[in-house]
file target_35.cif (mmCIF, C-alpha atoms)
data_data
#
loop_
_atom_site.label_atom_id
_atom_site.label_comp_id
_atom_site.auth_asym_id
_atom_site.auth_seq_id
_atom_site.Cartn_x
_atom_site.Cartn_y
_atom_site.Cartn_z
CA MET A 1 62.20 -26.63 -18.43
CA LYS A 2 61.15 -25.18 -15.09
CA LEU A 3 57.82 -24.30 -16.64
CA ARG A 4 57.23 -27.84 -17.80
CA ILE A 5 57.87 -29.12 -14.29
CA THR A 6 55.33 -26.62 -12.96
CA ILE A 7 52.68 -27.76 -15.42
CA PHE A 8 53.48 -31.37 -14.57
CA LEU A 9 53.00 -30.70 -10.84
CA MET A 10 49.75 -28.90 -11.49
CA LEU A 11 48.45 -31.83 -13.48
CA ILE A 12 49.34 -34.19 -10.65
CA SER A 13 47.52 -32.03 -8.11
CA PHE A 14 44.55 -31.85 -10.45
CA LEU A 15 44.47 -35.64 -10.68
CA GLU A 16 44.50 -35.80 -6.88
CA ILE A 17 41.42 -33.60 -6.71
CA GLY A 18 39.85 -35.92 -9.27
CA CYS A 19 40.56 -38.89 -7.11
CA CYS A 20 39.03 -37.14 -4.17
CA PHE A 21 35.78 -36.57 -6.08
CA GLY A 22 35.91 -40.21 -7.11
CA GLN A 23 35.61 -41.19 -3.41
CA ASN A 24 38.77 -43.22 -3.69
CA ILE A 25 39.99 -42.34 -0.23
CA ASN A 26 40.56 -45.73 1.36
CA SER A 27 44.04 -46.23 0.12
CA GLY A 28 46.63 -45.49 2.75
CA ASP A 29 48.92 -43.99 0.19
CA ASN A 30 46.51 -41.29 -0.89
CA TYR A 31 45.99 -38.18 1.08
CA CYS A 32 42.95 -36.11 0.35
CA ASN A 33 41.91 -32.60 1.29
CA ILE A 34 38.35 -32.27 2.43
CA GLU A 35 37.20 -28.76 1.90
CA ILE A 36 33.91 -27.56 3.30
CA PRO A 37 33.08 -24.57 1.13
CA GLU A 38 31.36 -21.52 2.45
CA VAL A 39 27.79 -21.45 1.17
CA ALA A 40 25.36 -18.58 1.27
CA LEU A 41 22.60 -19.01 -1.28
CA LEU A 42 19.26 -17.32 -1.25
CA SER A 43 16.29 -17.83 -3.51
CA LEU A 44 12.71 -16.58 -3.71
CA LYS A 45 9.98 -18.88 -5.00
CA SER A 46 6.44 -17.81 -5.76
CA SER A 47 3.32 -19.93 -5.81
CA SER A 48 1.75 -17.48 -8.25
CA ALA A 49 2.78 -16.51 -11.75
CA ASP A 50 1.42 -13.02 -11.12
CA ALA A 51 3.42 -10.18 -9.65
CA ILE A 52 2.43 -9.14 -6.15
CA ALA A 53 -0.10 -6.33 -6.47
CA PHE A 54 -2.07 -4.67 -3.72
CA THR A 55 -5.30 -2.86 -4.53
CA PRO A 56 -7.28 -1.87 -1.45
CA GLY A 57 -11.02 -2.29 -1.81
CA VAL A 58 -13.06 0.70 -2.94
CA PRO A 59 -15.83 1.38 -0.40
CA GLY A 60 -19.27 0.22 -1.47
CA GLU A 61 -20.95 3.02 0.45
CA ALA A 62 -20.20 6.72 0.67
CA GLY A 63 -18.70 7.58 4.04
CA LEU A 64 -16.60 4.43 4.33
CA ALA A 65 -12.81 4.17 4.05
CA LEU A 66 -10.68 2.17 1.64
CA ASP A 67 -10.74 -1.45 2.73
CA PHE A 68 -7.32 -2.94 3.50
CA SER A 69 -8.66 -6.09 5.18
CA GLU A 70 -7.82 -8.26 2.15
CA SER A 71 -4.48 -6.61 1.39
CA ILE A 72 -2.52 -9.70 2.44
CA LYS A 73 -0.26 -11.72 0.13
CA SER A 74 1.49 -14.95 1.03
CA ASP A 75 2.74 -16.13 -2.37
CA VAL A 76 6.49 -15.94 -1.82
CA TRP A 77 8.71 -18.50 -0.10
CA VAL A 78 12.33 -17.89 0.76
CA ASN A 79 14.78 -20.81 0.35
CA TYR A 80 18.36 -20.71 1.53
CA SER A 81 21.47 -22.85 1.89
CA SER A 82 24.09 -21.79 4.37
CA ILE A 83 27.44 -23.11 5.49
CA LEU A 84 28.94 -20.67 7.96
CA PRO A 85 32.40 -19.40 7.04
CA GLY A 86 35.38 -20.22 9.21
CA ASN A 87 36.02 -16.55 9.93
CA GLY A 88 34.14 -16.53 13.17
CA ALA A 89 30.65 -15.68 11.94
CA VAL A 90 28.34 -17.09 14.57
CA PHE A 91 25.24 -17.07 12.40
CA ARG A 92 23.57 -15.21 9.59
CA ASN A 93 20.55 -12.99 9.37
CA LEU A 94 18.18 -12.56 6.48
CA LYS A 95 17.51 -8.86 6.07
CA ALA A 96 15.01 -7.01 3.93
CA ARG A 97 14.65 -3.48 2.69
CA ILE A 98 12.73 -1.74 -0.06
CA ASP A 99 13.81 0.29 -3.04
CA GLY A 100 11.20 2.90 -3.89
CA SER A 101 8.67 4.56 -1.65
CA ILE A 102 5.70 3.16 0.19
CA PRO A 103 2.76 5.50 -0.50
CA GLU A 104 2.45 8.09 2.22
CA GLY A 105 -0.12 7.09 4.81
CA LEU A 106 0.44 3.36 4.34
CA MET A 107 2.74 0.76 5.81
CA LEU A 108 3.89 -2.48 4.24
CA LYS A 109 4.58 -5.21 6.75
CA ILE A 110 6.38 -8.49 6.20
CA ARG A 111 6.30 -11.58 8.36
CA ALA A 112 8.29 -14.76 7.77
CA SER A 113 6.77 -18.04 8.92
CA GLY A 114 8.81 -20.65 10.76
CA ASP A 115 10.76 -23.00 8.51
CA ALA A 116 8.55 -25.64 6.87
CA GLY A 117 10.75 -28.43 8.22
CA LEU A 118 11.75 -30.02 4.92
CA GLY A 119 15.43 -29.15 5.10
CA GLY A 120 18.02 -29.70 7.78
CA GLY A 121 20.55 -28.03 10.04
CA HIS A 122 20.34 -24.91 12.12
CA LEU A 123 17.55 -23.01 10.40
CA GLY A 124 16.69 -19.41 11.09
CA ILE A 125 14.04 -18.05 13.44
CA PRO A 126 11.56 -15.46 12.14
CA VAL A 127 11.44 -12.25 14.13
CA GLY A 128 7.73 -11.56 13.55
CA ASP A 129 6.14 -8.52 11.94
CA VAL A 130 8.54 -6.01 10.44
CA ILE A 131 7.45 -2.72 8.86
CA LEU A 132 9.52 -2.46 5.68
CA SER A 133 11.51 0.68 4.99
CA ASN A 134 14.53 1.78 2.99
CA THR A 135 16.73 0.58 5.86
CA GLN A 136 17.76 -3.05 6.06
CA GLN A 137 15.97 -4.92 8.84
CA THR A 138 16.28 -8.49 10.05
CA ILE A 139 13.29 -10.69 9.26
CA ILE A 140 14.93 -14.09 10.00
CA SER A 141 17.77 -14.39 12.48
CA GLY A 142 20.08 -17.11 13.77
CA ILE A 143 20.69 -18.92 10.46
CA GLY A 144 23.48 -21.45 10.97
CA SER A 145 24.73 -24.17 8.64
CA CYS A 146 21.56 -25.46 7.10
CA PHE A 147 19.37 -25.87 4.03
CA THR A 148 15.65 -25.36 3.56
CA GLY A 149 14.91 -27.48 0.51
CA VAL A 150 14.02 -25.97 -2.83
CA GLY A 151 10.67 -24.62 -3.95
CA ILE A 152 7.41 -23.36 -2.56
CA GLN A 153 6.18 -24.96 0.66
CA LYS A 154 9.83 -25.16 1.67
CA GLY A 155 11.77 -22.73 3.79
CA HIS A 156 9.93 -19.73 5.16
CA GLN A 157 6.67 -18.39 3.75
CA LEU A 158 6.64 -14.61 3.51
CA THR A 159 3.40 -12.78 4.26
CA TYR A 160 3.03 -9.18 3.17
CA SER A 161 0.26 -6.99 4.48
CA LEU A 162 -0.60 -3.45 3.48
CA ASP A 163 -2.40 -1.26 5.99
CA LEU A 164 -3.05 2.32 6.93
CA ASP A 165 -0.25 3.83 8.95
CA GLU A 166 -1.89 4.63 12.26
CA ASN A 167 0.55 7.47 12.80
CA ALA A 168 -0.21 9.10 9.47
CA GLN A 169 -3.25 10.86 8.15
CA TYR A 170 -5.76 9.29 5.78
CA SER A 171 -5.57 12.66 4.08
CA SER A 172 -2.10 11.88 2.74
CA LEU A 173 -3.39 9.07 0.46
CA ARG A 174 -3.22 9.88 -3.24
CA GLU A 175 -4.65 7.94 -6.15
CA ASN A 176 -1.73 6.40 -8.03
CA THR A 177 0.14 3.18 -8.75
CA TYR A 178 3.36 2.78 -6.80
CA ASN A 179 6.06 0.24 -7.73
CA ILE A 180 8.56 -0.87 -5.16
CA THR A 181 11.22 -3.58 -4.96
CA VAL A 182 11.86 -5.66 -1.88
CA LEU A 183 15.50 -6.70 -1.56
CA PHE A 184 16.58 -9.62 0.65
CA THR A 185 20.18 -10.23 1.71
CA MET A 186 21.86 -12.84 3.89
CA ILE A 187 24.37 -11.14 6.13
CA ASP A 188 26.98 -12.65 8.45
CA GLN A 189 26.53 -11.82 12.10
CA ASN A 190 29.84 -11.90 13.96
CA MET B 1 56.50 -21.43 -26.96
CA GLY B 2 57.34 -20.38 -23.37
CA LYS B 3 55.29 -17.22 -23.80
CA PHE B 4 52.33 -19.23 -25.04
CA ILE B 5 52.41 -21.56 -22.06
CA ARG B 6 52.68 -18.60 -19.67
CA LEU B 7 49.62 -17.09 -21.31
CA ILE B 8 47.66 -20.31 -20.92
CA LEU B 9 48.73 -20.56 -17.27
CA SER B 10 47.70 -16.97 -16.61
CA ILE B 11 44.25 -17.56 -18.10
CA PHE B 12 43.89 -20.72 -16.05
CA LEU B 13 44.85 -18.88 -12.85
CA ILE B 14 42.47 -16.00 -13.57
CA LEU B 15 39.59 -18.38 -14.22
CA TYR B 16 40.38 -20.39 -11.09
CA THR B 17 40.56 -17.25 -8.93
CA GLY B 18 37.28 -16.04 -10.43
CA VAL B 19 35.52 -19.26 -9.49
CA LEU B 20 36.83 -19.04 -5.93
CA SER B 21 35.85 -15.46 -5.38
CA SER B 22 32.34 -15.93 -6.68
CA SER B 23 31.51 -19.12 -4.82
CA GLY B 24 29.59 -18.35 -1.67
CA GLN B 25 29.14 -14.72 -2.63
CA GLU B 26 26.73 -14.91 -5.53
CA ASN B 27 23.02 -15.13 -4.79
CA LYS B 28 23.33 -13.75 -1.29
CA SER B 29 20.78 -11.17 -2.35
CA LYS B 30 17.47 -11.55 -4.15
CA SER B 31 14.64 -9.17 -4.84
CA HIS B 32 11.13 -9.04 -6.22
CA ASN B 33 8.66 -6.32 -7.10
CA ILE B 34 5.42 -5.24 -5.47
CA SER B 35 2.91 -2.81 -6.88
CA ILE B 36 0.48 -0.85 -4.75
CA GLU B 37 -2.50 0.74 -6.42
CA ILE B 38 -4.45 3.39 -4.54
CA PRO B 39 -7.73 3.70 -6.43
CA GLU B 40 -9.57 6.94 -7.04
CA VAL B 41 -12.68 7.24 -4.87
CA ALA B 42 -15.49 9.80 -5.12
CA LEU B 43 -18.72 8.70 -3.44
CA LEU B 44 -21.57 10.77 -2.04
CA ASP B 45 -24.69 9.74 -0.20
CA LEU B 46 -27.60 11.34 1.68
CA GLU B 47 -28.63 9.61 4.88
CA SER B 48 -31.39 10.17 7.39
CA ASN B 49 -32.73 8.47 10.48
CA SER B 50 -36.23 9.05 9.10
CA SER B 51 -36.55 9.97 5.46
CA THR B 52 -34.71 12.01 2.90
CA SER B 53 -38.01 13.60 1.87
CA VAL B 54 -38.40 16.95 3.53
CA SER B 55 -41.58 19.02 3.92
CA LEU B 56 -41.25 22.74 4.55
CA TYR B 57 -44.16 25.05 5.06
CA PRO B 58 -44.91 28.27 6.86
CA THR B 59 -47.57 28.28 9.56
CA ALA B 60 -50.84 30.03 8.74
CA PRO B 61 -51.71 32.86 11.11
CA ASN B 62 -54.38 32.28 13.79
CA GLU B 63 -55.25 35.89 14.03
CA ALA B 64 -56.40 38.06 11.19
CA GLY B 65 -53.83 40.67 10.47
CA ASN B 66 -50.82 38.48 11.14
CA SER B 67 -48.51 37.16 8.46
CA LEU B 68 -47.51 33.61 7.60
CA ASP B 69 -44.99 32.42 10.14
CA PHE B 70 -41.79 31.07 8.55
CA SER B 71 -39.90 30.69 11.84
CA ASN B 72 -40.49 26.92 11.99
CA ALA B 73 -40.07 26.31 8.28
CA ASN B 74 -36.79 24.55 8.62
CA ASN B 75 -35.56 21.01 8.69
CA SER B 76 -32.42 19.22 9.86
CA GLN B 77 -32.73 15.51 9.18
CA ILE B 78 -30.45 14.77 6.25
CA TRP B 79 -26.77 13.97 6.60
CA ILE B 80 -24.34 14.11 3.74
CA ASN B 81 -21.73 11.31 3.68
CA TYR B 82 -18.81 11.12 1.31
CA SER B 83 -15.65 9.12 0.61
CA SER B 84 -12.86 10.66 -1.39
CA ILE B 85 -9.36 9.70 -2.52
CA ILE B 86 -7.82 12.48 -4.55
CA GLY B 87 -4.85 12.30 -6.90
CA ASN B 88 -1.87 14.61 -7.19
CA SER B 89 -3.45 16.21 -10.25
CA GLU B 90 -6.66 17.03 -8.36
CA PRO B 91 -5.95 19.39 -5.48
CA ASP B 92 -9.32 18.98 -3.79
CA ARG B 93 -13.02 18.37 -4.27
CA LYS B 94 -16.29 20.05 -3.41
CA VAL B 95 -19.96 19.25 -2.89
CA SER B 96 -22.29 21.44 -4.94
CA ALA B 97 -26.05 21.62 -5.05
CA TYR B 98 -28.79 22.82 -7.40
CA VAL B 99 -32.55 22.46 -7.53
CA GLU B 100 -34.78 21.04 -10.21
CA GLY B 101 -38.31 22.44 -10.09
CA THR B 102 -39.49 25.92 -9.29
CA ILE B 103 -39.19 27.52 -5.90
CA PRO B 104 -42.48 29.36 -5.21
CA ASP B 105 -42.45 33.09 -5.85
CA GLY B 106 -41.50 35.32 -2.92
CA ILE B 107 -39.70 32.49 -1.08
CA VAL B 108 -36.06 31.66 -0.58
CA LEU B 109 -35.01 28.05 0.01
CA SER B 110 -31.63 27.86 1.65
CA VAL B 111 -29.39 25.03 2.81
CA SER B 112 -26.55 25.11 5.29
CA ALA B 113 -24.14 22.25 5.91
CA SER B 114 -22.85 21.83 9.46
CA SER B 115 -19.20 21.34 10.23
CA TYR B 116 -18.08 17.74 9.87
CA THR B 117 -18.79 15.37 12.75
CA GLY B 118 -18.67 11.57 12.95
CA ASN B 119 -16.48 8.52 12.68
CA GLY B 120 -14.47 9.52 9.63
CA ASN B 121 -10.89 10.55 9.06
CA GLY B 122 -8.74 12.51 6.68
CA HIS B 123 -9.00 15.91 5.09
CA LEU B 124 -12.72 16.58 5.50
CA GLY B 125 -14.50 19.44 3.81
CA VAL B 126 -15.42 22.88 5.08
CA SER B 127 -19.00 24.18 5.00
CA ARG B 128 -19.63 27.30 2.94
CA GLY B 129 -22.40 28.30 5.33
CA LYS B 130 -25.91 29.23 4.25
CA ILE B 131 -26.52 29.00 0.51
CA ASN B 132 -29.67 30.18 -1.25
CA LEU B 133 -30.53 27.33 -3.59
CA SER B 134 -31.31 27.90 -7.25
CA GLU B 135 -31.10 26.15 -10.57
CA GLN B 136 -27.48 27.28 -10.74
CA ILE B 137 -25.05 24.84 -9.17
CA GLN B 138 -23.43 26.30 -6.03
CA ASP B 139 -20.78 25.09 -3.62
CA VAL B 140 -22.03 23.82 -0.27
CA ILE B 141 -18.88 22.11 1.07
CA THR B 142 -15.37 22.78 -0.26
CA ASN B 143 -11.76 21.79 0.40
CA ILE B 144 -12.40 18.03 0.51
CA GLY B 145 -9.20 15.99 0.30
CA SER B 146 -8.62 12.29 0.84
CA CYS B 147 -11.09 11.39 3.56
CA TYR B 148 -14.25 9.58 4.60
CA THR B 149 -17.04 10.84 6.82
CA GLY B 150 -18.34 7.60 8.29
CA ASP B 151 -21.53 6.01 7.01
CA GLY B 152 -25.10 6.82 8.00
CA ALA B 153 -26.90 9.50 9.96
CA ASN B 154 -24.82 11.40 12.53
CA ASN B 155 -21.78 11.13 10.26
CA GLY B 156 -20.61 13.82 7.89
CA HIS B 157 -22.34 17.16 7.55
CA LEU B 158 -25.91 17.77 8.73
CA LEU B 159 -27.96 19.72 6.16
CA THR B 160 -30.35 22.35 7.45
CA TYR B 161 -33.00 23.59 5.02
CA SER B 162 -35.02 26.68 5.69
CA LEU B 163 -37.76 28.60 3.92
CA GLU B 164 -37.78 32.38 4.21
CA LEU B 165 -39.59 35.25 2.66
CA GLU B 166 -37.68 37.11 0.04
CA ASN B 167 -36.12 40.16 1.58
CA ASP B 168 -37.58 42.78 -0.68
CA ASP B 169 -41.02 44.27 -0.18
CA SER B 170 -42.52 42.34 -3.06
CA GLY B 171 -41.85 39.00 -1.36
CA TYR B 172 -45.09 38.74 0.55
CA SER B 173 -47.20 40.00 -2.30
CA SER B 174 -45.77 37.31 -4.57
CA LEU B 175 -46.98 34.45 -2.38
CA ASN B 176 -49.50 32.27 -4.13
CA PHE B 177 -51.17 29.28 -2.44
CA ASP B 178 -51.41 27.45 -5.77
CA GLN B 179 -47.64 27.20 -5.90
CA SER B 180 -47.19 24.34 -3.49
CA THR B 181 -44.66 22.23 -5.27
CA THR B 182 -42.13 19.44 -5.02
CA ILE B 183 -38.60 20.25 -5.94
CA SER B 184 -35.55 18.08 -6.09
CA VAL B 185 -32.15 19.08 -4.69
CA THR B 186 -29.17 17.36 -6.30
CA TYR B 187 -25.74 17.17 -4.66
CA THR B 188 -22.60 16.43 -6.62
CA LEU B 189 -19.07 15.62 -5.42
CA SER B 190 -16.67 16.95 -8.05
CA ASP B 191 -13.08 17.97 -8.63
CA ASN B 192 -12.39 21.56 -7.76
CA ASN B 193 -11.04 22.66 -11.12
#
call {"tool": "encode", "arguments": {"input": "target_35.cif", "output": "structure tokens"}}
result
Amino acid sequence: MKLRITIFLMLISFLEIGCCFGQNINSGDNYCNIEIPEVALLSLKSSSADAIAFTPGVPGEAGLALDFSESIKSDVWVNYSSILPGNGAVFRNLKARIDGSIPEGLMLKIRASGDAGLGGGHLGIPVGDVILSNTQQTIISGIGSCFTGVGIQKGHQLTYSLDLDENAQYSSLRENTYNITVLFTMIDQN
Amino acid sequence: MGKFIRLILSIFLILYTGVLSSSGQENKSKSHNISIEIPEVALLDLESNSSTSVSLYPTAPNEAGNSLDFSNANNSQIWINYSSIIGNSEPDRKVSAYVEGTIPDGIVLSVSASSYTGNGNGHLGVSRGKINLSEQIQDVITNIGSCYTGDGANNGHLLTYSLELENDDSGYSSLNFDQSTTISVTYTLSDNN
């Protein structure tokens, strides 16, 4: 019997939620919870169907170096939706790190553009050039409650550039194909 | 019946809890792949401020009784440039040289590469010093890793050619003025294995 009462109460509360979604909140007899859910959604959109591949230019003349001047890719856009949690997080950061190894002698840089302005709220601020490594590093900071819009040309455009590491030796370059994964994570900043 | 309802309730609660715990947590992370291809490079070039044709000849004596003078029969006008990216399976590379054509009797044609100088970078090669050229391929520069010398004259290794008499006594007697000839020297950048 007790169980039946419990189920009955649950059904009533379920109907109340239903009424809330139905926008029927003008009646003085109804009370309605308004819950703002925490949101932290991240998505990557690419303007190209091809995977990102860097191949520095082979010199056309003996005596010249590999040419990295065109090793720049700006195909990927990052979209996000964020509602800050009520636990005191002041804002969020978008961090990036790589799985795998950058070929010795090279550095892979990432730079996020400013938000394209097609969303709303307190959007993040790019921190400029970041040399990617296996350690997580902030590339966009100060993300509040906001949304970027969905798709390419929305949110922040990511620009990758591959270059010689000025602190390393050209001698450490080795002919090979290297596959790496770039991992992005939104992290609360308290 | 009571058991059945409890089971249904439990499933409902588990599902509900699952939805709560995943909302806001999923999709906080995303990744994509990047490939980086370092191409193999092996390029060699001969550069000169003037010409890559070289004339070498001894000076005829002015005084009867003197010999041909080979002391000025040398030339330093050709630079060797190269670009190299090695792989893990190729430890290093070398530049080798051989001649096509016949070196006149009694004469030795040698080449010596200078140490590297110029606007390059990386693991540049080491000169093997003075090499007496022949139709057999011989190493001139070894231990070349991933590097580039810079392009043009004054970059890389300066080649010095010299003509000398053969050391043995028969050298001078073998000289024959009909044997003026043009020979070709070929340089090759190759894997050292």
call {"tool": "residues_near_point", "arguments": {"input": "target_35.cif", "point": "(17.0, 1.4, 4.1)", "cutoff": "12 Å", "atoms": "only C-alpha atoms", "output": "compact mmCIF listing (two decimals) with C-alpha atoms, keeping the file's coordinate frame"}}
result
# COMPACT_ATOMS: atom_id res chain seq x y z
CA LYS A 95 17.51 -8.86 6.07
CA ALA A 96 15.01 -7.01 3.93
CA ARG A 97 14.65 -3.48 2.69
CA ILE A 98 12.73 -1.74 -0.06
CA ASP A 99 13.81 0.29 -3.04
CA GLY A 100 11.20 2.90 -3.89
CA SER A 101 8.67 4.56 -1.65
CA ILE A 131 7.45 -2.72 8.86
CA LEU A 132 9.52 -2.46 5.68
CA SER A 133 11.51 0.68 4.99
CA ASN A 134 14.53 1.78 2.99
CA THR A 135 16.73 0.58 5.86
CA GLN A 136 17.76 -3.05 6.06
CA GLN A 137 15.97 -4.92 8.84
CA THR A 138 16.28 -8.49 10.05
CA THR A 181 11.22 -3.58 -4.96
CA VAL A 182 11.86 -5.66 -1.88
CA LEU A 183 15.50 -6.70 -1.56
CA PHE A 184 16.58 -9.62 0.65
call {"tool": "resolve_selection", "arguments": {"input": "target_35.cif", "expression": "the PyMOL selection byres ((chain B) within 10 of (chain A))", "output": "VMD selection string"}}
result
chain B and resid 2 5 to 6 9 20 23 to 47 80 to 90 118 to 124 144 to 152 155 to 156
call {"tool": "write_last_selection", "arguments": {"input": "target_35.cif", "atoms": "C-alpha atoms", "output": "mmCIF file, in the frame of the given file"}}
result
data_model
loop_
_atom_site.group_PDB
_atom_site.id
_atom_site.type_symbol
_atom_site.label_atom_id
_atom_site.label_comp_id
_atom_site.auth_asym_id
_atom_site.auth_seq_id
_atom_site.Cartn_x
_atom_site.Cartn_y
_atom_site.Cartn_z
ATOM 1 C CA GLY B 2 57.340 -20.380 -23.370
ATOM 2 C CA ILE B 5 52.410 -21.560 -22.060
ATOM 3 C CA ARG B 6 52.680 -18.600 -19.670
ATOM 4 C CA LEU B 9 48.730 -20.560 -17.270
ATOM 5 C CA LEU B 20 36.830 -19.040 -5.930
ATOM 6 C CA SER B 23 31.510 -19.120 -4.820
ATOM 7 C CA GLY B 24 29.590 -18.350 -1.670
ATOM 8 C CA GLN B 25 29.140 -14.720 -2.630
ATOM 9 C CA GLU B 26 26.730 -14.910 -5.530
ATOM 10 C CA ASN B 27 23.020 -15.130 -4.790
ATOM 11 C CA LYS B 28 23.330 -13.750 -1.290
ATOM 12 C CA SER B 29 20.780 -11.170 -2.350
ATOM 13 C CA LYS B 30 17.470 -11.550 -4.150
ATOM 14 C CA SER B 31 14.640 -9.170 -4.840
ATOM 15 C CA HIS B 32 11.130 -9.040 -6.220
ATOM 16 C CA ASN B 33 8.660 -6.320 -7.100
ATOM 17 C CA ILE B 34 5.420 -5.240 -5.470
ATOM 18 C CA SER B 35 2.910 -2.810 -6.880
ATOM 19 C CA ILE B 36 0.480 -0.850 -4.750
ATOM 20 C CA GLU B 37 -2.500 0.740 -6.420
ATOM 21 C CA ILE B 38 -4.450 3.390 -4.540
ATOM 22 C CA PRO B 39 -7.730 3.700 -6.430
ATOM 23 C CA GLU B 40 -9.570 6.940 -7.040
ATOM 24 C CA VAL B 41 -12.680 7.240 -4.870
ATOM 25 C CA ALA B 42 -15.490 9.800 -5.120
ATOM 26 C CA LEU B 43 -18.720 8.700 -3.440
ATOM 27 C CA LEU B 44 -21.570 10.770 -2.040
ATOM 28 C CA ASP B 45 -24.690 9.740 -0.200
ATOM 29 C CA LEU B 46 -27.600 11.340 1.680
ATOM 30 C CA GLU B 47 -28.630 9.610 4.880
ATOM 31 C CA ILE B 80 -24.340 14.110 3.740
ATOM 32 C CA ASN B 81 -21.730 11.310 3.680
ATOM 33 C CA TYR B 82 -18.810 11.120 1.310
ATOM 34 C CA SER B 83 -15.650 9.120 0.610
ATOM 35 C CA SER B 84 -12.860 10.660 -1.390
ATOM 36 C CA ILE B 85 -9.360 9.700 -2.520
ATOM 37 C CA ILE B 86 -7.820 12.480 -4.550
ATOM 38 C CA GLY B 87 -4.850 12.300 -6.900
ATOM 39 C CA ASN B 88 -1.870 14.610 -7.190
ATOM 40 C CA SER B 89 -3.450 16.210 -10.250
ATOM 41 C CA GLU B 90 -6.660 17.030 -8.360
ATOM 42 C CA GLY B 118 -18.670 11.570 12.950
ATOM 43 C CA ASN B 119 -16.480 8.520 12.680
ATOM 44 C CA GLY B 120 -14.470 9.520 9.630
ATOM 45 C CA ASN B 121 -10.890 10.550 9.060
ATOM 46 C CA GLY B 122 -8.740 12.510 6.680
ATOM 47 C CA HIS B 123 -9.000 15.910 5.090
ATOM 48 C CA LEU B 124 -12.720 16.580 5.500
ATOM 49 C CA ILE B 144 -12.400 18.030 0.510
ATOM 50 C CA GLY B 145 -9.200 15.990 0.300
ATOM 51 C CA SER B 146 -8.620 12.290 0.840
ATOM 52 C CA CYS B 147 -11.090 11.390 3.560
ATOM 53 C CA TYR B 148 -14.250 9.580 4.600
ATOM 54 C CA THR B 149 -17.040 10.840 6.820
ATOM 55 C CA GLY B 150 -18.340 7.600 8.290
ATOM 56 C CA ASP B 151 -21.530 6.010 7.010
ATOM 57 C CA GLY B 152 -25.100 6.820 8.000
ATOM 58 C CA ASN B 155 -21.780 11.130 10.260
ATOM 59 C CA GLY B 156 -20.610 13.820 7.890
#
call {"tool": "atom_distance", "arguments": {"input": "target_35.cif", "atom1": "atom CA of Leu189 of chain B", "atom2": "atom CA of Arg93 of chain B"}}
result
6.7 Å
call {"tool": "residues_around", "arguments": {"input": "target_35.cif", "residues": "Val95 of chain B", "least_positions_apart": "4", "cutoff": "6 Å", "atoms": "all atoms listed in the file", "output": "list in words"}}
result
Asp139, Val140, Ile141, Thr188 and Leu189 of chain B
call {"tool": "closest_residue", "arguments": {"input": "target_35.cif", "among": "A:Val130, A:Gly155, A:Glu35, A:Glu166", "to": "Glu104 of chain A", "atoms": "only C-alpha atoms"}}
result
A:Glu166
call {"tool": "atom_distance", "arguments": {"input": "target_35.cif", "atom1": "atom CA of Ile152 of chain A", "atom2": "atom CA of Gly120 of chain A"}}
result
16.1 Å
call {"tool": "axis_aligned_box", "arguments": {"input": "target_35.cif", "around": "segment 152-165 of chain B", "padding_each_side": "5 Å", "output": "lines of an AutoDock Vina configuration file"}}
result
center_x = -30.1
center_y = 21.0
center_z = 7.6
size_x = 29.0
size_y = 38.4
size_z = 19.9
call {"tool": "closest_residue", "arguments": {"input": "target_35.cif", "among": "A:Asn93, A:Ser113, A:Ser69, A:Asn79", "to": "Gln157 of chain A", "atoms": "only C-alpha atoms"}}
result
A:Ser113
call {"tool": "atom_distance", "arguments": {"input": "target_35.cif", "atom1": "atom CA of Ala60 of chain B", "atom2": "atom CA of Ser180 of chain B"}}
result
14.0 Å
call {"tool": "residues_around", "arguments": {"input": "target_35.cif", "residues": "segment 172-178 of chain B", "least_positions_apart": "5", "cutoff": "7 Å", "atoms": "all atoms listed in the file", "output": "ChimeraX atom specification"}}
result
/B:105-106,165
call {"tool": "write_last_selection", "arguments": {"input": "target_35.cif", "atoms": "C-alpha atoms", "output": "PDB file, in the coordinates of the input"}}
result
ATOM      1  CA  ASP B 105     -42.450  33.090  -5.850  1.00  0.00           C
ATOM      2  CA  GLY B 106     -41.500  35.320  -2.920  1.00  0.00           C
ATOM      3  CA  LEU B 165     -39.590  35.250   2.660  1.00  0.00           C
TER       4      LEU B 165
END
call {"tool": "residues_around", "arguments": {"input": "target_35.cif", "residues": "Ser114 of chain B", "least_positions_apart": "3", "cutoff": "7 Å", "atoms": "all atoms listed in the file", "output": "MDAnalysis selection string"}}
result
chainID B and resid 127 157:159
call {"tool": "write_last_selection", "arguments": {"input": "target_35.cif", "atoms": "C-alpha atoms", "output": "compact mmCIF listing (two decimals), in the frame of the given file"}}
result
# COMPACT_ATOMS: atom_id res chain seq x y z
CA SER B 127 -19.00 24.18 5.00
CA HIS B 157 -22.34 17.16 7.55
CA LEU B 158 -25.91 17.77 8.73
CA LEU B 159 -27.96 19.72 6.16
call {"tool": "resolve_selection", "arguments": {"input": "target_35.cif", "expression": "the PyMOL selection byres ((chain B and resi 68-73) around 12)", "output": "number ranges by chain"}}
result
B: 54-67, 74-76, 107-110, 160-166, 171-173, 175-177
